[in-house]
Each structure stands twice: as C-alpha cells, then as structure tokens.
Amino acid sequence: GDGNRVANDGKGFWMLVRPGHLYFDNDTDESASNNSVPNNLCGPSNDYYRITDYPNGTVKGTNNVDGPITAGYYQYTQIIKVYDNIDPEITATPQDFCSYDNVNCTGLVNLPFTIDENCTPNDLTIKVFLDAGADGTIDFDLQNRTDGAFDDFTLTGTYPNYTLNGRFPIGCHAFEVHVEDGCGNTNSELLDFCVIDCKAPSPVCINGLAIELMPVDLDGDDVPDEGRMAIWANDFIVSPMGDCTGPIKYSINRTGDAPNVDSTGITLTCADTGTLVVEIWAYDGEGNSDFCETYILVQDNMNICTPGPLSVGAAGAIATEEDNAVEDVQVSLSGQGTASVMTAGNGAYSFSNLQQGYDYTITPRRNGDYLNGVSTFDLVLMSKHILGVQVLDSPYKMIAADVNNSKSITTLDLIQLRKLILSIDTQMSNNTSWRFVKRSYVFPRPNNPWFEAFPEIVNINNLPGTGISNADFVAIKVGDVNLDAQVNSLSGVDGRTLAGDFNFEVEDAEVKAGNEYTVVFTASDIASIDGYQATLAFDNNALELVDIIEGEVKEENFGLVYAAEGLITTSWNQAAPSDFRLPTSALFSLVFRAKADAQLSELLSVNSRVTKAEAYNTNGEFLGVGVTFSGKAVAGAGFELYQNTPNPFKGETLVGFNLPVDDSVTLTVSDVTGKVLKLIRLDGVKGYNNVVLNSSTLPAAGVLYYTVETSEYTATKKMVIIE
C-alpha cells in the first residue's frame with residue numbers, strides 16, 4: 001500500500017512490519033525498499049516476518065529469524081445477570097353451580113381459571129385453599145386433607161388453563177389460589193363461586209279429600225245466600241318434607257289457574273261442587289317448586305247451592321257389573337265445550353259450568369294394563385262357554401271374552417289371550433284393555449251382546465238446567481271373565497285363598513356336563529285339574545334348553561321369550577268335557593344339555609316371576625303350583641319379589657310378589673335419595689300377590705325403587721317411569 005514490497009518465498013503471504021501498520025502483499029515481486037523496521041515494534045530491524053499461525057503461532061523472517069508476535073489486543077469477561085421480578089397473574093370468572101342433592105346438600109363444582117407466567121410457565125407451584133362461606137377466613141387446605149372432607153377435590157389442567165373440581169356445600173364460597181413461579185415470585189387470588197339449590201321439593205299428596213259446603217249469609221238477613229268452605233294446601237300433604245333450603249312453603253290452586261306462593265288456601269263455593277282437581281305446590285327457600293295433583297269432592301248435602309241457568313253440570317260414576325268402582329279412567333267431554341278428567345278411587349267424575357240447552361258427548365277410556373285380572377282360569381271359563389258346558393252368565397262377561405273384538409267368542413280369543421299370559425304378546429292387537437258400556441243400556445238379547453251396537457258413550461241432547469248426574473258406565477276388563485281385576489287403589493292386594501297344591505312330578509337325576517337329558521313332567525292329580533299356569537325356572541348356568549317335546553300339553557302352551565334367562569312360561573287348560581284324565585300320561589318333556597355337574601332337583605323349580613303360578617281344580621278352586629322330584633317337594637316358591645311389568649312404564653305397572661305364608665305386607669316406593677314417595681300396607685296371602693301402581697301418583701319420569709317388606713323378608717327392585 002505504501003510502495004514497499006515483501007519478498008515471497010512461495011509459502012504464503014509476507015508482511016512488512018512498520019510502526020503501527022500492517023501491510024500485505026500478495027504478488028510475486030520480491031523487491032523491497034524502505035524496509036527499515038524500528039526495533040521497538042516486533043523484532044530486530046530490517047527483518048521480514050511471515051504469519052504462520054496468528055495470533056498464537058510463530059513468525060519466520062527472511063533471515064530465518066523466528067519469534068513470537070506480540071499481539072496487539074485486550075481480553076475482558078463481562079457478567080450479565082437477568083432478573084424475573086414479575087408475579088404470575090391468576091384470572092377466573094365467578095360462577096354458580098347447581099346442587100340436585102336434597103340429602104347431603106352439595107353440588108359438583110368445576111371452576112376454570114388461567115395463569116399468566118411468561119418466564120417459567122413449566123415450573124409453577126400451585127396451592128388451593130377454601131374460604132368456606134366467603135367470609136375472608138381460610139378454612140381448609142384442599143390439597144392436604146386428612147379428615148376425609150372434600151376428598152374428591154382435584155386440580156386438573158396444564159398451563160395456562162386449569163380447573164378446580166369437587167363437591168361443595170350449598171352457599172357462596174371462595175377458592176384462594178396461591179401460585180409461585182420458578183424465580184420465587186408469588187401471587188394469590190380469591191376465586192368466588194356459589195353452589196345453589198336447584199332441586200325442587202317433590203310433594204306427595206293425599207289422593208283426594210271430601211268437604212261439605214257450609215251456608216254463608218252474605219247480606220245479613222240471616223238467610224243463607226251461598227255455600228262456602230275453606231281448605232288449605234297443608235291438608236293434602238302426606239308427610240312433612242325436608243329440603244336443603246327449607247322450610248317448605250305450600251300453595252294450592254285450581255288446575256288451570258296460575259300458582260301463587262302466597263295462596264296457602266282457597267275458598268270453595270257452589271261453583272266448585274262435584275270433583276274439583278287442584279294442584280298442591282311446594283316451594284323451597286331458593287324458589288324451586290314442584291307440584292302434585294289431587295282432587296276435592298265438593299259436596300252440597302245441605303242443598304245450599306242452586307245452579308244458575310248457564311252454570312250446570314254433568315256427572316256420573318264408572319264401576320264394574322258388580323259395582324266395584326274403577327279408578328284412573330280418562331273421561332272426555334266434547335260438544336259445546338271440551339274437558340277431560342280422571343275418575344277417583346270411588347269411580348266418580350263430573351264436569352261443571354256447562355251451558356244448558358246444548359249437546360255434549362261423554363267418552364270414557366282406559367288402556368295399558370292388559371294382564372290385570374287375566375289368567376288361565378279365564379281361558380278355562382271361556383273354553384267351557386265355547387263348548388256349551390258352562391255359559392258365561394252376563395253380556396258384560398261375553399264382551400270381556402271377545403279378546404280379538406270379532407263380536408264373537410271363539411278359539412281365536414283363547415289363542416290371543418294365552419299369548420298375553422305367556423308374555424309372547426304384550427298387548428291386544430285389535431282391542432283396548434278396557435271397554436265401557438252405558439249403564440242404562442238394556443241388551444235386547446243378553447246372550448248375544450253384539451246383536452246391535454251397544455253404546456260406549458253417553459250423548460246428552462239439550463242439557464237441562466238441572467244438569468245430569470247419572471251418566472254412568474259399566475267397566476269391562478277385556479280378558480277378565482271371572483271379574484278379579486284390580487280396579488282401584490282401595491282394593492289393595494290381589495291375593496287368593498289356596499285350596500291346596502298341584503305338583504308336577506319329575507324323576508330326579510344327577511346330570512353330568514356335556515350330556516343331554518329329557519326331563520318328563522307328569523302329574524298324578526291331573527284328573528282333578530281344569531288348568532294351570534306358571535313360570536318354569538331352570539338354572540341357565542348349569543342347563544341349556546334344547547327342546548320341548550309335546551305330550552298332552554302342546555307347543556302353543558309355552559312361551560320362550562325369557563328362555564335365555566332360564567324362564568319358561570306355561571299356560572294350559574283341558575277342554576271340557578275331556579277324555580284326558582290319565583295321571584300317568586306325560587304332560588310334556590323338557591330336553592336340556594347339562595353345562596355343569598349337579599342334581600336336577602337343585603336346578604329346576606316353579607315360580608311366578610313372569611306368569612303367576614296357580615292351578616284350578618274342577619270345583620273352581622285355586623291351587624298353588626310346585627314340582628316334586630321322586631317324591632321330594634321342591635318347588636312352590638318361597639318369598640320372592642318380581643320385577644314390575646311393564647318396565648319402563650307410563651301409566652300403570654304391576655308389582656308382583658310371592659309369600660310362603662299369609663303375612664302383613666308393606667310396599668314402599670322411594671326415589672334415588674331414599675325419600676319415601678308412596679306407602680301401601682296390606683294383608684298378603686300365601687302364594688302370589690300383586691299391587692297396581694300408577695305413574696300419575698308418583699313424581700315425574702326417572703328411576704325409582706320399590707321395596708316389599710314382611711315380618712321376615714325384605715326385597716327391593718328398581719323401576720323406571722318414562723314420559
């Protein structure tokens with residue numbers, strides 16, 4: 001750069017060292033000039049140096065003088081410290097959570113919150129405390145509990161989103177959340193939340209009350225002007241109720257009127273005479289409410305009330321031909337006005353505030369409880385009627401025997417009814433469960449009720465100003481020709497007095513796994529039996545049903561709907577008169593394949609699980625049904641509670657149970673919390689018993705439990721009400 005040149009020995013770059021300067025020459029010109037070098041810079045004067053390893057190597061001059069370079073640089077270590085002094089931030093939104101538990105009064109809480117930490121998000125320490133009642137005092141360390149309280153509490157999530165989970169009592173509380181980051185910065189926040197009572201009380205009403213209107217003098221002339229009577233909501237409550245936010249308040253209103261928490265009672269007047277349907281509402285301290293429906297039979301026995309020309313009524317009663325009142329019949333009114341009511345336990349119904357001079361039609365209907373009152377004994381009586389041996393003695397019984405609604409009684413009716421008994425069918429394909437005939441109707445030919453169409457409605461033409469009170473009906477339970485259907489809740493349990501037992505006879509045997517066995521059923525007293533029905537039960541863990549071999553009892557006398565559960569339904573009756581009276585004849589045979597080694601007598605039995613076990617002798621008496629193995633009696637079932645049928649259900653369901661002896665029985669229906677919703681006490685009889693329950697007298701749809709308790713036994717099963 002300054003005209004000086006550096007010699008090149010062919011080994012690389014050479015440099016000329018001058019005071020304060022470095023010059024590089026990369027050409028091949030070896031001439032040099034002005035090459036005096038101060039001794040105080042790098043080395044001896046007039047030396048040329050070549051860099052071979054800079055800065056820590058050596059240099060070599062042209063005169064072969066070697067030596068280190070004195071490097072011209074300075075080295076220093078600077079320490080930089082970075083500090084995090086920002087606290088983590090905690091954020092949450094206060095929320096309310098519902099409690100549906102009226103026993104423990106707690107609710108499930110799932111409260112989300114977030115943490116904002118920029119420096120050490122993966123090195124956080126989180127602690128959670130509870131300020132119960134949000135009074136500013138920390139009561140519990142939720143992550144270090146030893147007393148079992150709040151042991152279901154969990155902290156879930158990952159940075160930055162977390163959730164506080166657990167069950168906490170009704171009320172407003174706060175979580176105190178402490179967070180420490182990896183640099184020791186801490187923060188805490190109170191996260192408010194409330195658990196509120198969302199469970200409405202479920203009142204249980206008395207099923208109807210009767211009251212008498214009392215005379216009232218409105219104008220002070222000592223002459224009664226009107227009939228009145230006050231009644232209170234508390235009068236209808238079966239038992240006091242508990243609630244998490246009590247005490248419970250009750251109100252009453254006429255069905256169709258808006259409920260009012262302050263309406264603790266109503267005053268009934270002449271306009272309410274007859275059956276008045278009311279709602280009884282229950283309210284807790286949180287404002288949750290629910291109601292039950294019942295009725296008031298408003299009576300004017302003192303003849304205080306005189307209906308006005310435009311305020312008249314129509315009323316009647318529904319009962320069987322033996323005058324047993326029928327409950328839960330839906331009675332509809334159509335014409336100038338429309339309405340619908342349900343008959344009470346006394347079978348009565350009424351419509352009020354109708355306009356005189358107009359036409360109306362009253363139509364009753366009840367359906368669904370197909371097996372109510374239906375048994376093989378009805379088949380025995382229907383068979384005798386068909387054969388002319390014992391004719392049904394009323395047109396109503398003949399209508400009941402016309403199961404397929406063909407306007408005649410034939411073997412087709414027997415076939416369809418037997419399928420119902422065997423649970424092969426669950427309803428009648430061409431008929432309703434109940435029929436209703438206008439009571440005042442006279443059959444022109446009682447031995448042929450279908451000679452002309454019989455009236456199943458009441459037509460009111462030109463309703464008189466006095467109203468009508470005799471729109472009565474005869475109720476007919478289809479399939480029940482011996483009139484033993486349970487028709488109202490007042491009739492209690494359906495039990496029978498048994499005149500003895502009818503036993504199948506089976507030869508006992510030791511069965512071995514893998515072998516097939518033909519089990520022959522005979523009955524030495526078959527000559528005295530008109531028919532029987534039962535559920536044959538076998539242990540499906542030890543036996544597999546292979547076949548049923550017909551004998552005197554045919555294939556159509558069995559139902560295999562529940563065979564996979566080890567249950568065979570059977571229903572059989574003899575044609576009358578019959579030549580089949582041979583006690584040694586094989587009734588039928590069951591072919592089993594053994595799945596385990598066992599004694600046959602320990603695997604087979606008779607019960608009423610599906611089809612009620614009962615037999616009928618030629619005198620029309622009822623017998624129990626069992627089975628004996630080589631002279632050893634095994635079967636007639638002891639105490640047993642059966643699954644309600646149908647289940648799930650809407651409307652009516654049948655709860656059946658078997659008693660080994662006559663005994664007093666208590667049937668209770670409870671909700672999932674154990675609260676009793678319905679209680680029935682009755683006198684049970686030895687053998688099969690049943691009780692009909694109606695969903696209208698129970699709370700809304702859901703799971704309930706029913707328990708049957710005697711002096712020695714208790715059993716519980718679950719049932720489901722659907723909407």
# chains A, B, ... in the order shown; residues from 1 in each chain; ligands from 1
call {"tool": "residues_around", "arguments": {"residues": "Val478 (chain A)", "least_positions_apart": "2", "cutoff": "10 Å", "atoms": "only C-alpha atoms", "output": "PyMOL selection string"}}
result
chain A and resi 370-374+396-405+417+428+431-435+475-476+480-481+483+485
call {"tool": "residues_around", "arguments": {"residues": "region 328-331 of chain A", "least_positions_apart": "5", "cutoff": "7 Å", "atoms": "only C-alpha atoms", "output": "number ranges by chain"}}
result
A: 340-344, 362-366
call {"tool": "residues_around", "arguments": {"residues": "Leu276 (chain A)", "least_positions_apart": "2", "cutoff": "8 Å", "atoms": "only C-alpha atoms", "output": "JSON, numbers by chain"}}
result
{"A": [254, 272, 273, 274, 278, 295, 296, 297, 298]}
call {"tool": "write_last_selection", "arguments": {"atoms": "C-alpha atoms", "output": "compact mmCIF listing (two decimals), in the first residue's frame"}}
result
# COMPACT_ATOMS: atom_id res chain seq x y z
CA ARG A 254 -107.42 -24.93 40.87
CA ASP A 272 -116.97 -25.90 42.71
CA THR A 273 -119.46 -28.64 43.58
CA GLY A 274 -118.50 -32.05 42.28
CA VAL A 278 -106.37 -28.96 42.31
CA TYR A 295 -108.89 -33.62 43.82
CA ILE A 296 -111.54 -32.33 46.18
CA LEU A 297 -115.01 -33.86 46.24
CA VAL A 298 -117.08 -30.75 46.97
call {"tool": "select_by_dssp", "arguments": {"residues": "region 313-553 of chain A", "states": "helix (DSSP H, G or I)", "output": "JSON, numbers by chain"}}
result
{"A": [376, 377, 378, 379, 380, 381, 382, 383, 384, 385, 386, 387, 395, 396, 397, 398, 399, 400, 401, 411, 412, 413, 414, 415, 416, 417, 418, 419, 420, 421, 489, 490, 491, 526, 527, 528]}
call {"tool": "write_last_selection", "arguments": {"atoms": "N, CA, C and O atoms", "output": "CSV table (one decimal), in the first residue's frame"}}
result
chain,number,residue,atom,x,y,z
A,376,THR,N,-105.1,-68.0,33.3
A,376,THR,CA,-105.6,-69.2,32.6
A,376,THR,C,-107.0,-69.6,33.0
A,376,THR,O,-107.7,-70.3,32.3
A,377,PHE,N,-107.4,-69.2,34.3
A,377,PHE,CA,-108.7,-69.5,34.7
A,377,PHE,C,-109.7,-68.9,33.8
A,377,PHE,O,-110.8,-69.5,33.6
A,378,ASP,N,-109.4,-67.7,33.3
A,378,ASP,CA,-110.3,-67.1,32.3
A,378,ASP,C,-110.4,-67.9,31.0
A,378,ASP,O,-111.5,-68.1,30.4
A,379,LEU,N,-109.3,-68.6,30.6
A,379,LEU,CA,-109.3,-69.5,29.5
A,379,LEU,C,-110.2,-70.7,29.8
A,379,LEU,O,-110.9,-71.2,28.9
A,380,VAL,N,-110.1,-71.2,31.0
A,380,VAL,CA,-111.0,-72.3,31.4
A,380,VAL,C,-112.4,-72.0,31.2
A,380,VAL,O,-113.2,-72.7,30.6
A,381,LEU,N,-112.8,-70.8,31.7
A,381,LEU,CA,-114.2,-70.4,31.7
A,381,LEU,C,-114.7,-70.1,30.2
A,381,LEU,O,-115.8,-70.4,29.8
A,382,MET,N,-113.8,-69.5,29.4
A,382,MET,CA,-114.1,-69.2,28.0
A,382,MET,C,-114.2,-70.5,27.3
A,382,MET,O,-115.1,-70.6,26.4
A,383,SER,N,-113.4,-71.5,27.5
A,383,SER,CA,-113.4,-72.7,26.8
A,383,SER,C,-114.7,-73.4,27.2
A,383,SER,O,-115.4,-74.0,26.3
A,384,LYS,N,-115.1,-73.4,28.4
A,384,LYS,CA,-116.4,-74.0,28.8
A,384,LYS,C,-117.6,-73.3,28.1
A,384,LYS,O,-118.6,-74.0,27.7
A,385,HIS,N,-117.5,-72.0,28.0
A,385,HIS,CA,-118.5,-71.3,27.3
A,385,HIS,C,-118.6,-71.7,25.8
A,385,HIS,O,-119.7,-71.9,25.3
A,386,ILE,N,-117.4,-71.8,25.1
A,386,ILE,CA,-117.4,-72.1,23.7
A,386,ILE,C,-118.0,-73.5,23.5
A,386,ILE,O,-118.8,-73.8,22.6
A,387,LEU,N,-117.7,-74.4,24.4
A,387,LEU,CA,-118.2,-75.8,24.3
A,387,LEU,C,-119.6,-76.0,24.8
A,387,LEU,O,-120.2,-77.1,24.8
A,395,PRO,N,-123.9,-60.4,29.6
A,395,PRO,CA,-123.4,-59.9,28.3
A,395,PRO,C,-122.0,-59.2,28.5
A,395,PRO,O,-121.2,-59.1,27.6
A,396,TYR,N,-121.8,-58.6,29.7
A,396,TYR,CA,-120.5,-57.9,30.0
A,396,TYR,C,-119.4,-58.9,30.0
A,396,TYR,O,-118.3,-58.7,29.5
A,397,LYS,N,-119.6,-60.1,30.6
A,397,LYS,CA,-118.5,-61.1,30.6
A,397,LYS,C,-118.3,-61.6,29.2
A,397,LYS,O,-117.1,-62.0,28.8
A,398,MET,N,-119.3,-61.7,28.3
A,398,MET,CA,-119.1,-62.1,27.0
A,398,MET,C,-118.3,-61.1,26.2
A,398,MET,O,-117.4,-61.4,25.4
A,399,ILE,N,-118.5,-59.8,26.4
A,399,ILE,CA,-117.7,-58.8,25.8
A,399,ILE,C,-116.3,-58.9,26.3
A,399,ILE,O,-115.4,-58.7,25.5
A,400,ALA,N,-116.1,-59.2,27.5
A,400,ALA,CA,-114.7,-59.4,28.1
A,400,ALA,C,-114.0,-60.6,27.4
A,400,ALA,O,-112.8,-60.6,27.2
A,401,ALA,N,-114.8,-61.6,27.0
A,401,ALA,CA,-114.2,-62.8,26.4
A,401,ALA,C,-113.9,-62.6,24.9
A,401,ALA,O,-113.1,-63.4,24.4
A,411,THR,N,-112.1,-69.9,19.6
A,411,THR,CA,-110.8,-70.4,20.0
A,411,THR,C,-109.7,-69.4,19.6
A,411,THR,O,-108.7,-69.4,20.3
A,412,LEU,N,-110.0,-68.5,18.7
A,412,LEU,CA,-109.0,-67.4,18.4
A,412,LEU,C,-108.8,-66.5,19.5
A,412,LEU,O,-107.7,-66.0,19.8
A,413,ASP,N,-109.9,-66.3,20.3
A,413,ASP,CA,-109.8,-65.4,21.5
A,413,ASP,C,-108.9,-66.1,22.5
A,413,ASP,O,-108.1,-65.5,23.2
A,414,LEU,N,-109.1,-67.5,22.7
A,414,LEU,CA,-108.3,-68.2,23.6
A,414,LEU,C,-106.8,-68.1,23.2
A,414,LEU,O,-105.9,-67.9,24.1
A,415,ILE,N,-106.5,-68.3,21.9
A,415,ILE,CA,-105.1,-68.2,21.5
A,415,ILE,C,-104.5,-66.9,21.8
A,415,ILE,O,-103.4,-66.8,22.3
A,416,GLN,N,-105.2,-65.8,21.5
A,416,GLN,CA,-104.6,-64.5,21.7
A,416,GLN,C,-104.5,-64.2,23.2
A,416,GLN,O,-103.4,-63.6,23.6
A,417,LEU,N,-105.4,-64.6,24.0
A,417,LEU,CA,-105.3,-64.3,25.4
A,417,LEU,C,-104.2,-65.2,26.0
A,417,LEU,O,-103.4,-64.7,26.9
A,418,ARG,N,-104.0,-66.4,25.5
A,418,ARG,CA,-102.9,-67.2,26.1
A,418,ARG,C,-101.5,-66.6,25.7
A,418,ARG,O,-100.6,-66.7,26.5
A,419,LYS,N,-101.4,-66.1,24.6
A,419,LYS,CA,-100.1,-65.4,24.2
A,419,LYS,C,-99.8,-64.3,25.1
A,419,LYS,O,-98.7,-64.0,25.5
A,420,LEU,N,-100.9,-63.6,25.6
A,420,LEU,CA,-100.7,-62.5,26.5
A,420,LEU,C,-100.3,-63.0,27.9
A,420,LEU,O,-99.3,-62.5,28.5
A,421,ILE,N,-100.9,-64.1,28.3
A,421,ILE,CA,-100.5,-64.7,29.6
A,421,ILE,C,-99.0,-65.2,29.6
A,421,ILE,O,-98.3,-65.1,30.5
A,489,SER,N,-107.2,-48.3,43.8
A,489,SER,CA,-106.1,-48.5,44.8
A,489,SER,C,-106.7,-48.8,46.2
A,489,SER,O,-106.0,-49.3,47.1
A,490,LEU,N,-108.0,-48.7,46.4
A,490,LEU,CA,-108.6,-49.0,47.6
A,490,LEU,C,-108.8,-50.5,47.8
A,490,LEU,O,-109.0,-51.0,48.9
A,491,SER,N,-108.7,-51.2,46.6
A,491,SER,CA,-108.9,-52.7,46.7
A,491,SER,C,-107.7,-53.4,47.2
A,491,SER,O,-107.7,-54.6,47.5
A,526,ILE,N,-103.7,-84.9,37.8
A,526,ILE,CA,-104.2,-84.1,36.7
A,526,ILE,C,-105.6,-84.3,36.4
A,526,ILE,O,-106.3,-83.4,35.8
A,527,ALA,N,-106.2,-85.4,36.9
A,527,ALA,CA,-107.6,-85.7,36.6
A,527,ALA,C,-108.5,-84.7,37.3
A,527,ALA,O,-109.7,-84.5,36.9
A,528,SER,N,-108.0,-84.1,38.4
A,528,SER,CA,-108.9,-83.1,39.1
A,528,SER,C,-108.6,-81.7,38.7
A,528,SER,O,-109.1,-80.8,39.4
call {"tool": "closest_residue", "arguments": {"among": "A:Asn187, A:Ala314, A:Lys595, A:Leu333", "to": "Ser469 (chain A)", "atoms": "only C-alpha atoms"}}
result
A:Ala314
call {"tool": "residues_around", "arguments": {"residues": "Thr158 (chain A)", "least_positions_apart": "5", "cutoff": "12 Å", "atoms": "only C-alpha atoms", "output": "list in words"}}
result
Pro112, Phe113, Thr114, Ile115, Asp116, Pro121, Asn122, Asp123, Leu124, Ile126 and Thr163 of chain A
call {"tool": "closest_residue", "arguments": {"among": "A:Leu693, A:Val685, A:Ala575, A:Leu536", "to": "Asn488 (chain A)", "atoms": "only C-alpha atoms"}}
result
A:Leu693
call {"tool": "select_by_dssp", "arguments": {"residues": "region 536-719 of chain A", "states": "strand (DSSP E or B)", "output": "ChimeraX atom specification"}}
result
/A:536-538,543-550,558-559,567-573,588-594,598-599,604-607,614-617,622-629,632-633,640-641,645,649,652-659,663-670,676-684,687-694,702-709,714-719
call {"tool": "atom_distance", "arguments": {"atom1": "CA of Val437 (chain A)", "atom2": "CA of Gly388 (chain A)"}}
result
25.5 Å
call {"tool": "residues_around", "arguments": {"residues": "region 705-717 of chain A", "least_positions_apart": "3", "cutoff": "12 Å", "atoms": "only C-alpha atoms", "output": "PyMOL selection string"}}
result
chain A and resi 638-645+647+653-685+689-691+693+698+702+720-721
call {"tool": "residues_around", "arguments": {"residues": "Asp87 (chain A)", "least_positions_apart": "5", "cutoff": "10 Å", "atoms": "only C-alpha atoms", "output": "list in words"}}
result
Asp116, Glu117, Asn118, Cys119, Val179, Glu180, Asp181, Cys183, Gly184, Asn185, Thr186, Asn187 and Ser188 of chain A
call {"tool": "closest_residue", "arguments": {"among": "A:Gly651, A:Gly256, A:Pro464, A:Gly559", "to": "Val277 (chain A)", "atoms": "only C-alpha atoms"}}
result
A:Gly256
call {"tool": "residues_around", "arguments": {"residues": "Ala701 (chain A)", "least_positions_apart": "2", "cutoff": "10 Å", "atoms": "only C-alpha atoms", "output": "ChimeraX atom specification"}}
result
/A:648-650,695,698-699,703-704,720-723
call {"tool": "atom_distance", "arguments": {"atom1": "CA of Thr535 (chain A)", "atom2": "CA of Ile549 (chain A)"}}
result
17.2 Å
call {"tool": "closest_residue", "arguments": {"among": "A:Asp141, A:Glu279, A:Glu550, A:Asp369", "to": "Glu293 (chain A)", "atoms": "only C-alpha atoms"}}
result
A:Glu279
